[in-house]
$ cat entry-v8.cif   # mmCIF, C-alpha atoms
data_upload
loop_
_atom_site.label_atom_id
_atom_site.label_comp_id
_atom_site.auth_asym_id
_atom_site.auth_seq_id
_atom_site.Cartn_x
_atom_site.Cartn_y
_atom_site.Cartn_z
CA MET A 185 38.84 42.46 23.33
CA LYS A 186 41.92 41.07 25.11
CA ILE A 187 44.12 43.57 27.00
CA ASP A 188 47.66 42.42 27.78
CA THR A 189 49.13 42.64 31.28
CA ASN A 190 51.54 45.46 30.44
CA THR A 191 48.77 47.78 29.30
CA LEU A 192 46.71 46.86 32.32
CA ASN A 193 49.63 47.56 34.66
CA GLY A 194 50.17 50.90 32.92
CA ILE A 195 46.56 51.84 33.56
CA ILE A 196 46.94 50.71 37.18
CA HIS A 197 50.10 52.83 37.59
CA ALA A 198 48.34 55.87 36.17
CA CYS A 199 45.36 55.38 38.47
CA SER A 200 47.71 54.79 41.42
CA ALA A 201 49.41 58.11 40.72
CA ILE A 202 46.02 59.87 40.66
CA GLY A 203 45.06 58.08 43.87
CA ALA A 204 48.32 59.14 45.49
CA GLY A 205 47.59 62.73 44.54
CA LEU A 206 44.13 62.45 46.05
CA ALA A 207 45.53 60.88 49.22
CA VAL A 208 47.84 63.80 49.95
CA ILE A 209 44.81 66.12 50.05
CA ALA A 210 44.79 64.89 53.66
CA GLY A 211 47.49 67.53 54.16
CA ILE A 212 44.83 70.27 54.26
CA GLY A 213 43.59 69.27 57.71
CA PRO A 214 46.95 69.32 59.54
CA GLY A 215 47.77 72.58 57.74
CA ILE A 216 44.71 74.27 59.19
CA GLY A 217 45.26 72.66 62.58
CA GLN A 218 48.90 73.62 62.83
CA GLY A 219 48.09 77.15 61.72
CA ILE A 220 45.48 77.50 64.44
CA ALA A 221 47.92 76.14 67.02
CA ALA A 222 50.69 78.49 65.90
CA GLY A 223 48.33 81.49 65.86
CA HIS A 224 47.06 80.83 69.34
CA ALA A 225 50.60 80.22 70.58
CA ALA A 226 51.64 83.59 69.14
CA ALA A 227 48.72 85.26 70.87
CA ALA A 228 49.56 83.55 74.15
CA ALA A 229 53.23 84.52 73.88
CA GLY A 230 52.18 88.10 73.21
CA ARG A 231 49.99 88.14 76.29
CA ASN A 232 52.52 86.42 78.53
CA PRO A 233 56.07 86.72 77.15
CA GLY A 234 57.54 85.12 80.27
CA ALA A 235 56.01 81.73 79.47
CA LYS A 236 57.34 81.67 75.93
CA SER A 237 59.41 78.48 76.19
CA ASP A 238 56.55 76.56 77.78
CA ILE A 239 54.15 77.79 75.11
CA THR A 240 56.55 76.83 72.33
CA SER A 241 57.02 73.28 73.60
CA THR A 242 53.27 72.80 74.04
CA MET A 243 52.64 74.19 70.57
CA LEU A 244 55.21 71.88 68.98
CA LEU A 245 53.72 68.87 70.76
CA GLY A 246 50.20 69.75 69.64
CA GLN A 247 51.31 70.43 66.09
CA ALA A 248 53.14 67.12 65.88
CA VAL A 249 50.03 65.29 67.04
CA ALA A 250 47.89 67.19 64.54
CA GLU A 251 50.36 66.29 61.81
CA THR A 252 49.72 62.56 62.23
CA THR A 253 46.56 62.38 60.12
CA GLY A 254 48.30 64.12 57.26
CA LEU A 255 51.16 61.67 57.53
CA TYR A 256 48.71 58.78 57.20
CA GLY A 257 47.61 60.27 53.89
CA LEU A 258 51.25 60.63 52.87
CA LEU A 259 51.93 57.00 53.75
CA VAL A 260 49.02 55.86 51.59
CA ALA A 261 50.37 57.97 48.74
CA LEU A 262 53.88 56.54 49.15
CA LEU A 263 52.52 52.99 49.21
CA LEU A 264 50.53 53.61 46.04
CA MET A 265 53.48 55.19 44.27
CA PHE A 266 56.38 52.97 45.26
CA VAL A 267 55.12 49.68 46.66
CA GLN A 268 52.26 49.34 44.15
CA PRO A 269 50.14 46.72 45.89
CA LEU A 270 47.59 46.70 43.06
CA ASP A 271 49.92 45.47 40.31
CA ILE A 272 49.09 42.37 38.36
CA LYS A 273 52.06 40.09 38.73
CA MET B 37 59.36 60.71 30.40
CA GLY B 38 62.00 58.09 31.05
CA ASP B 39 62.88 59.65 34.38
CA LEU B 40 59.24 59.88 35.42
CA TRP B 41 58.82 56.28 34.48
CA LYS B 42 61.81 55.35 36.62
CA VAL B 43 60.40 57.33 39.52
CA LEU B 44 57.00 55.71 39.09
CA ASN B 45 58.51 52.26 38.87
CA GLY B 46 60.70 52.89 41.86
CA HIS B 47 64.07 52.03 40.33
CA ASP B 48 65.97 55.28 40.38
CA PRO B 49 65.56 57.08 43.73
CA ASP B 50 67.47 55.05 46.28
CA PHE B 51 65.51 55.26 49.50
CA PHE B 52 64.59 51.60 49.42
CA ILE B 53 65.90 49.11 51.91
CA LYS B 54 68.31 46.83 50.11
CA ASN B 55 69.04 43.23 50.89
CA LEU B 56 72.69 42.58 51.57
CA PHE B 57 72.66 38.99 52.75
CA GLU B 58 70.11 36.21 52.82
CA TYR B 59 69.89 33.28 55.18
CA GLU B 60 67.41 30.69 56.28
CA LEU B 61 66.21 30.08 59.82
CA PHE B 62 63.56 27.46 60.69
CA GLY B 63 62.43 27.40 57.07
CA GLN B 64 61.94 31.18 56.98
CA LYS B 65 63.88 33.29 54.52
CA LEU B 66 65.43 36.19 56.39
CA HIS B 67 67.51 39.10 55.17
CA ILE B 68 70.27 41.26 56.52
CA THR B 69 69.35 44.64 55.06
CA THR B 70 70.78 48.13 54.98
CA ALA B 71 68.40 48.98 57.84
CA HIS B 72 70.23 46.54 60.12
CA VAL B 73 73.62 47.90 59.10
CA CYS B 74 72.57 51.51 59.69
CA THR B 75 71.06 50.64 63.08
CA LEU B 76 74.31 48.89 64.01
CA ILE B 77 76.39 51.88 62.95
CA VAL B 78 74.23 54.22 65.04
CA MET B 79 74.40 51.86 68.03
CA VAL B 80 78.16 51.48 67.79
CA GLY B 81 78.53 55.26 67.60
CA ILE B 82 76.41 55.80 70.70
CA ILE B 83 78.19 53.02 72.61
CA ILE B 84 81.63 54.43 71.79
CA PHE B 85 80.53 57.88 72.93
CA ALA B 86 78.98 56.48 76.10
CA VAL B 87 82.09 54.48 77.00
CA CYS B 88 84.34 57.48 76.40
CA ALA B 89 82.06 59.75 78.44
CA GLY B 90 81.87 57.23 81.28
CA ARG B 91 85.63 56.89 81.37
CA ALA B 92 86.12 60.66 81.33
CA ILE B 93 83.67 61.14 84.20
CA ARG B 94 85.20 58.31 86.24
CA ARG B 95 88.73 59.63 85.79
CA ALA B 96 87.88 63.21 86.66
CA ALA B 97 88.93 64.27 90.14
CA VAL B 98 86.78 66.72 92.08
CA THR B 99 89.50 69.34 92.08
CA ASP B 100 90.15 69.23 88.31
CA THR B 101 88.70 71.76 85.95
CA PRO B 102 86.42 69.69 83.72
CA THR B 103 87.60 69.08 80.19
CA ARG B 104 85.59 70.15 77.18
CA PHE B 105 84.38 66.60 76.52
CA GLN B 106 83.30 66.11 80.12
CA ASN B 107 81.36 69.37 80.00
CA PHE B 108 79.59 68.23 76.87
CA ALA B 109 78.58 64.90 78.41
CA GLU B 110 77.36 66.61 81.57
CA LEU B 111 75.40 69.10 79.50
CA ILE B 112 73.52 66.29 77.73
CA VAL B 113 72.73 64.45 80.96
CA GLU B 114 71.60 67.61 82.73
CA MET B 115 69.38 68.65 79.84
CA LEU B 116 67.67 65.27 79.68
CA ASP B 117 67.29 65.16 83.46
CA LYS B 118 65.68 68.58 83.51
CA MET B 119 63.27 67.71 80.71
CA ILE B 120 62.18 64.41 82.26
CA HIS B 121 61.87 65.79 85.78
CA GLY B 122 59.82 68.68 84.43
CA VAL B 123 57.21 66.34 82.94
CA MET B 124 57.14 63.33 85.24
CA GLY B 125 57.81 64.97 88.58
CA GLY B 126 58.16 62.50 91.44
CA SER B 127 58.30 59.31 89.41
CA ALA B 128 60.98 60.63 87.06
CA ALA B 129 63.87 58.85 88.76
CA LYS B 130 62.62 55.44 87.65
CA PHE B 131 62.25 56.42 84.00
CA VAL B 132 65.18 58.74 83.48
CA ASN B 133 67.42 55.98 82.14
CA TYR B 134 64.95 54.55 79.66
CA ILE B 135 63.70 57.88 78.33
CA SER B 136 67.23 59.26 77.98
CA THR B 137 68.30 56.14 76.10
CA ILE B 138 65.49 56.24 73.57
CA PHE B 139 65.89 60.00 73.25
CA ILE B 140 69.55 59.72 72.29
CA PHE B 141 68.93 56.69 70.06
CA ILE B 142 66.04 58.27 68.14
CA LEU B 143 67.84 61.61 67.84
CA ILE B 144 71.03 60.10 66.45
CA SER B 145 68.98 57.83 64.17
CA ASN B 146 66.96 60.73 62.82
CA ILE B 147 69.92 62.96 62.10
CA SER B 148 72.04 60.13 60.69
CA GLY B 149 70.60 61.03 57.27
CA ILE B 150 73.11 63.88 57.25
CA PHE B 151 75.97 61.40 57.42
CA GLY B 152 74.68 59.52 54.42
CA LEU B 153 73.02 56.67 56.27
CA ARG B 154 69.44 55.65 55.68
CA PRO B 155 67.88 56.64 59.02
CA PRO B 156 67.05 53.48 61.00
CA THR B 157 63.84 55.13 62.20
CA ALA B 158 62.64 55.20 58.57
CA TYR B 159 62.12 51.47 58.96
CA TYR B 160 58.91 50.34 60.64
CA GLY B 161 60.69 47.42 62.28
CA VAL B 162 62.60 49.92 64.43
CA THR B 163 59.83 52.30 65.43
CA PHE B 164 57.11 49.75 66.14
CA PRO B 165 59.08 48.00 68.93
CA LEU B 166 59.68 51.42 70.49
CA GLY B 167 55.92 52.01 70.44
CA LEU B 168 55.29 48.54 71.86
CA ILE B 169 57.72 49.16 74.74
CA THR B 170 55.82 52.35 75.54
CA PHE B 171 52.52 50.43 75.36
CA PHE B 172 53.66 47.75 77.79
CA THR B 173 55.18 50.34 80.12
CA ILE B 174 51.82 52.11 80.21
CA LEU B 175 49.97 48.83 80.82
CA TYR B 176 52.35 47.73 83.58
CA ASN B 177 52.20 51.05 85.38
CA LYS B 178 48.42 51.22 85.11
CA LEU B 179 48.06 47.77 86.65
CA LYS B 180 50.67 48.53 89.30
CA HIS B 181 49.46 51.92 90.45
CA GLN B 182 45.72 51.88 89.77
CA LYS B 183 45.27 48.18 90.59
CA LEU B 184 42.93 45.96 88.60
CA SER B 185 39.80 47.75 89.82
CA GLY B 186 41.06 51.15 88.68
CA PHE B 187 42.16 49.65 85.37
CA VAL B 188 38.73 48.14 84.69
CA LYS B 189 37.05 51.34 85.87
CA GLY B 190 39.21 53.32 83.43
CA LEU B 191 38.21 50.99 80.61
CA CYS B 192 34.46 51.45 81.11
CA ASP B 193 34.87 55.15 81.67
CA PRO B 194 31.46 56.77 81.28
CA TRP B 195 29.52 53.54 80.90
CA PRO B 196 30.53 49.91 80.33
CA ILE B 197 29.21 50.20 76.75
CA TRP B 198 32.23 52.36 75.92
CA ALA B 199 34.74 49.64 76.81
CA PRO B 200 35.43 48.51 73.21
CA ILE B 201 36.09 52.09 72.15
CA ASN B 202 38.40 52.64 75.10
CA ILE B 203 40.27 49.42 74.27
CA ILE B 204 40.68 50.56 70.66
CA GLY B 205 41.91 53.91 71.95
CA ASP B 206 44.51 52.15 74.10
CA ILE B 207 45.68 49.94 71.25
CA ALA B 208 45.94 52.95 68.94
CA VAL B 209 48.58 54.53 71.18
CA PRO B 210 51.63 52.45 70.11
CA ILE B 211 50.47 52.35 66.49
CA SER B 212 50.05 56.10 66.19
CA LEU B 213 53.26 56.76 68.14
CA SER B 214 55.35 54.53 65.91
CA LEU B 215 53.63 55.54 62.67
CA ARG B 216 54.14 59.23 63.44
CA LEU B 217 57.88 58.83 63.91
CA PHE B 218 58.20 56.41 60.98
CA ALA B 219 56.19 58.52 58.53
CA ASN B 220 57.96 61.73 59.45
CA VAL B 221 61.43 60.33 58.98
CA LEU B 222 60.42 58.33 55.90
CA SER B 223 58.89 61.40 54.28
CA GLY B 224 62.13 63.27 54.85
CA THR B 225 64.14 60.42 53.36
CA VAL B 226 61.84 60.12 50.34
CA MET B 227 61.92 63.87 49.73
CA MET B 228 65.70 63.93 49.85
CA ALA B 229 65.97 60.93 47.55
CA LEU B 230 63.51 62.44 45.05
CA PHE B 231 65.34 65.75 45.21
CA TYR B 232 68.70 64.12 44.62
CA SER B 233 67.39 62.04 41.73
CA MET B 234 65.80 65.14 40.20
CA LEU B 235 68.90 67.35 40.26
CA PRO B 236 71.63 67.34 37.62
CA VAL B 237 75.00 66.31 38.99
CA PHE B 238 76.62 69.74 39.28
CA VAL B 239 74.04 71.19 41.71
CA LYS B 240 73.99 68.17 44.00
CA ILE B 241 76.71 69.81 46.12
CA GLY B 242 75.60 72.54 48.47
CA ILE B 243 72.03 73.23 47.45
CA PRO B 244 70.36 70.27 49.22
CA SER B 245 71.99 71.25 52.52
CA VAL B 246 69.05 73.54 53.31
CA LEU B 247 66.67 70.62 52.88
CA HIS B 248 68.96 68.45 54.99
CA ILE B 249 68.78 71.00 57.78
CA TYR B 250 65.00 71.01 57.67
CA PHE B 251 64.23 67.33 57.09
CA ASP B 252 67.03 65.76 59.09
CA LEU B 253 67.94 68.19 61.85
CA PHE B 254 64.75 70.16 62.55
CA SER B 255 62.14 67.53 61.82
CA GLY B 256 64.22 64.81 63.42
CA ALA B 257 64.76 66.76 66.62
CA ILE B 258 61.07 67.70 66.85
CA GLN B 259 59.93 64.14 66.33
CA THR B 260 62.37 62.86 68.94
CA TYR B 261 61.07 65.40 71.42
CA VAL B 262 57.48 64.53 70.59
CA PHE B 263 58.00 60.78 70.91
CA CYS B 264 59.69 61.09 74.29
CA MET B 265 57.23 63.72 75.50
CA LEU B 266 54.21 61.61 74.56
CA THR B 267 55.74 58.52 76.16
CA MET B 268 56.35 60.45 79.36
CA THR B 269 52.86 61.97 79.33
CA TYR B 270 51.17 58.61 78.83
CA VAL B 271 53.28 56.91 81.50
CA SER B 272 52.80 59.63 84.10
CA ASP B 273 49.09 59.58 83.23
CA ALA B 274 49.08 55.84 83.92
CA ILE B 275 50.86 56.33 87.25
CA GLY B 276 48.25 58.89 88.12
CA GLU B 277 50.12 61.06 90.60
CA GLU B 278 49.75 64.81 90.67
#

$ encode --input "entry-v8.cif" --output "structure tokens"
Amino acid sequence: MKIDTNTLNGIIHACSAIGAGLAVIAGIGPGIGQGIAAGHAAAAAGRNPGAKSDITSTMLLGQAVAETTGLYGLLVALLLMFVQPLDIK
Amino acid sequence: MGDLWKVLNGHDPDFFIKNLFEYELFGQKLHITTAHVCTLIVMVGIIIFAVCAGRAIRRAAVTDTPTRFQNFAELIVEMLDKMIHGVMGGSAAKFVNYISTIFIFILISNISGIFGLRPPTAYYGVTFPLGLITFFTILYNKLKHQKLSGFVKGLCDPWPIWAPINIIGDIAVPISLSLRLFANVLSGTVMMALFYSMLPVFVKIGIPSVLHIYFDLFSGAIQTYVFCMLTMTYVSDAIGEE
């Protein structure tokens, strides 16, 4: 059976969309990590309210670093959705 | 279905970099894109502000009460100075100019989405050079302050077998720095574009402002802070004082 390129590209787009959805599951990790950081920062601020600004800046820095892995997943998803490297030209 | 198809095919939401002008240089096809134009607009804005601020400071006599504009400029400089001195300590004086410059550039770039520009930092060609500059600053300061012996010793930290892993860790620094900034700003841009393309015309006014505040102002400011903070931490780590 011969499949034409349009059909094949349609299948590839559908699979790319599923792959993009799977790639953003990477967001779970940073979510947990940022939550832990925020929780501990809240505890620290409760114990030592004087150091609140220091704690906040440290927390934001740590959260932004933890966010990176999730952003890699997001980038893969965006590439799959919009750049579509797998298309048959 | 048609809309979804458009979204999937990438025609409708307009967060793509568009080619404005094409030219040829040494047999290579090069493009002037919207990214260049937006970067230029941001740069021109910063330069105009800087020239005005410099002139205001130079004209101000000691006895005058400072004008509102002068106060604003002094506030920015003092804030940046305090932040950089707080992290880098003794070696801050050498880096204050560079860090302040990239701080202001990245901040204005990130929040330029509010003014309808496509943020220049949502283009990997802008963020990767910033990461590379940080990388070479780290390398230079390591070689300068720890000498070659300290540099080699740092590479084979526990044992010499770990050297490849340490080298990979060093090379990952500019890549992760630039990708973090790029992906954050790009995700904001993509979200806004998807949101705008999803809405009917009559709710496009007003409602997305909340998202603009989060994605452009909050996220942009945090990422600017993080980029500069990490650069300062790495560099002062390389200098190795304190």

$ resolve_selection --input "entry-v8.cif" --expression "the PyMOL selection byres ((chain A) within 8 of (chain B))" --output "JSON, numbers by chain"
{"A": [197, 244, 245, 248, 252, 255, 256, 258, 259, 265, 266]}

$ atom_distance --input "entry-v8.cif" --atom1 "atom CA of Phe141 of chain B" --atom2 "atom CA of Ile211 of chain B"
19.3 Å

$ resolve_selection --input "entry-v8.cif" --expression "the PyMOL selection byres ((chain A and resi 222) around 12)" --output "ChimeraX atom specification"
/A:214-221,223-229,239-248,250

$ resolve_selection --input "entry-v8.cif" --expression "the PyMOL selection byres ((chain B and resi 125-128) around 12)" --output "list of chain:residue names"
B:Leu116, B:Asp117, B:Lys118, B:Met119, B:Ile120, B:His121, B:Gly122, B:Val123, B:Met124, B:Ala129, B:Lys130, B:Phe131, B:Val132, B:Asn133, B:Tyr134, B:Ile135, B:Ser136, B:Asn177, B:His181, B:Met268, B:Thr269, B:Val271, B:Ser272, B:Asp273, B:Ala274, B:Ile275, B:Gly276, B:Glu277, B:Glu278

$ write_last_selection --input "entry-v8.cif" --atoms "C-alpha atoms" --output "short mmCIF file (atom, residue, chain, number, x, y, z; two decimals), keeping the file's coordinate frame"
data_model
loop_
_atom_site.label_atom_id
_atom_site.label_comp_id
_atom_site.auth_asym_id
_atom_site.auth_seq_id
_atom_site.Cartn_x
_atom_site.Cartn_y
_atom_site.Cartn_z
CA LEU B 116 67.67 65.27 79.68
CA ASP B 117 67.29 65.16 83.46
CA LYS B 118 65.68 68.58 83.51
CA MET B 119 63.27 67.71 80.71
CA ILE B 120 62.18 64.41 82.26
CA HIS B 121 61.87 65.79 85.78
CA GLY B 122 59.82 68.68 84.43
CA VAL B 123 57.21 66.34 82.94
CA MET B 124 57.14 63.33 85.24
CA ALA B 129 63.87 58.85 88.76
CA LYS B 130 62.62 55.44 87.65
CA PHE B 131 62.25 56.42 84.00
CA VAL B 132 65.18 58.74 83.48
CA ASN B 133 67.42 55.98 82.14
CA TYR B 134 64.95 54.55 79.66
CA ILE B 135 63.70 57.88 78.33
CA SER B 136 67.23 59.26 77.98
CA ASN B 177 52.20 51.05 85.38
CA HIS B 181 49.46 51.92 90.45
CA MET B 268 56.35 60.45 79.36
CA THR B 269 52.86 61.97 79.33
CA VAL B 271 53.28 56.91 81.50
CA SER B 272 52.80 59.63 84.10
CA ASP B 273 49.09 59.58 83.23
CA ALA B 274 49.08 55.84 83.92
CA ILE B 275 50.86 56.33 87.25
CA GLY B 276 48.25 58.89 88.12
CA GLU B 277 50.12 61.06 90.60
CA GLU B 278 49.75 64.81 90.67
#

$ residues_around --input "entry-v8.cif" --residues "Ile202 of chain A" --least-positions-apart "6" --cutoff "12 Å" --atoms "all atoms listed in the file" --output "list in words"
Ile195, Ile196, Val208, Ile209, Ala261, Leu264 and Met265 of chain A; Leu44 of chain B
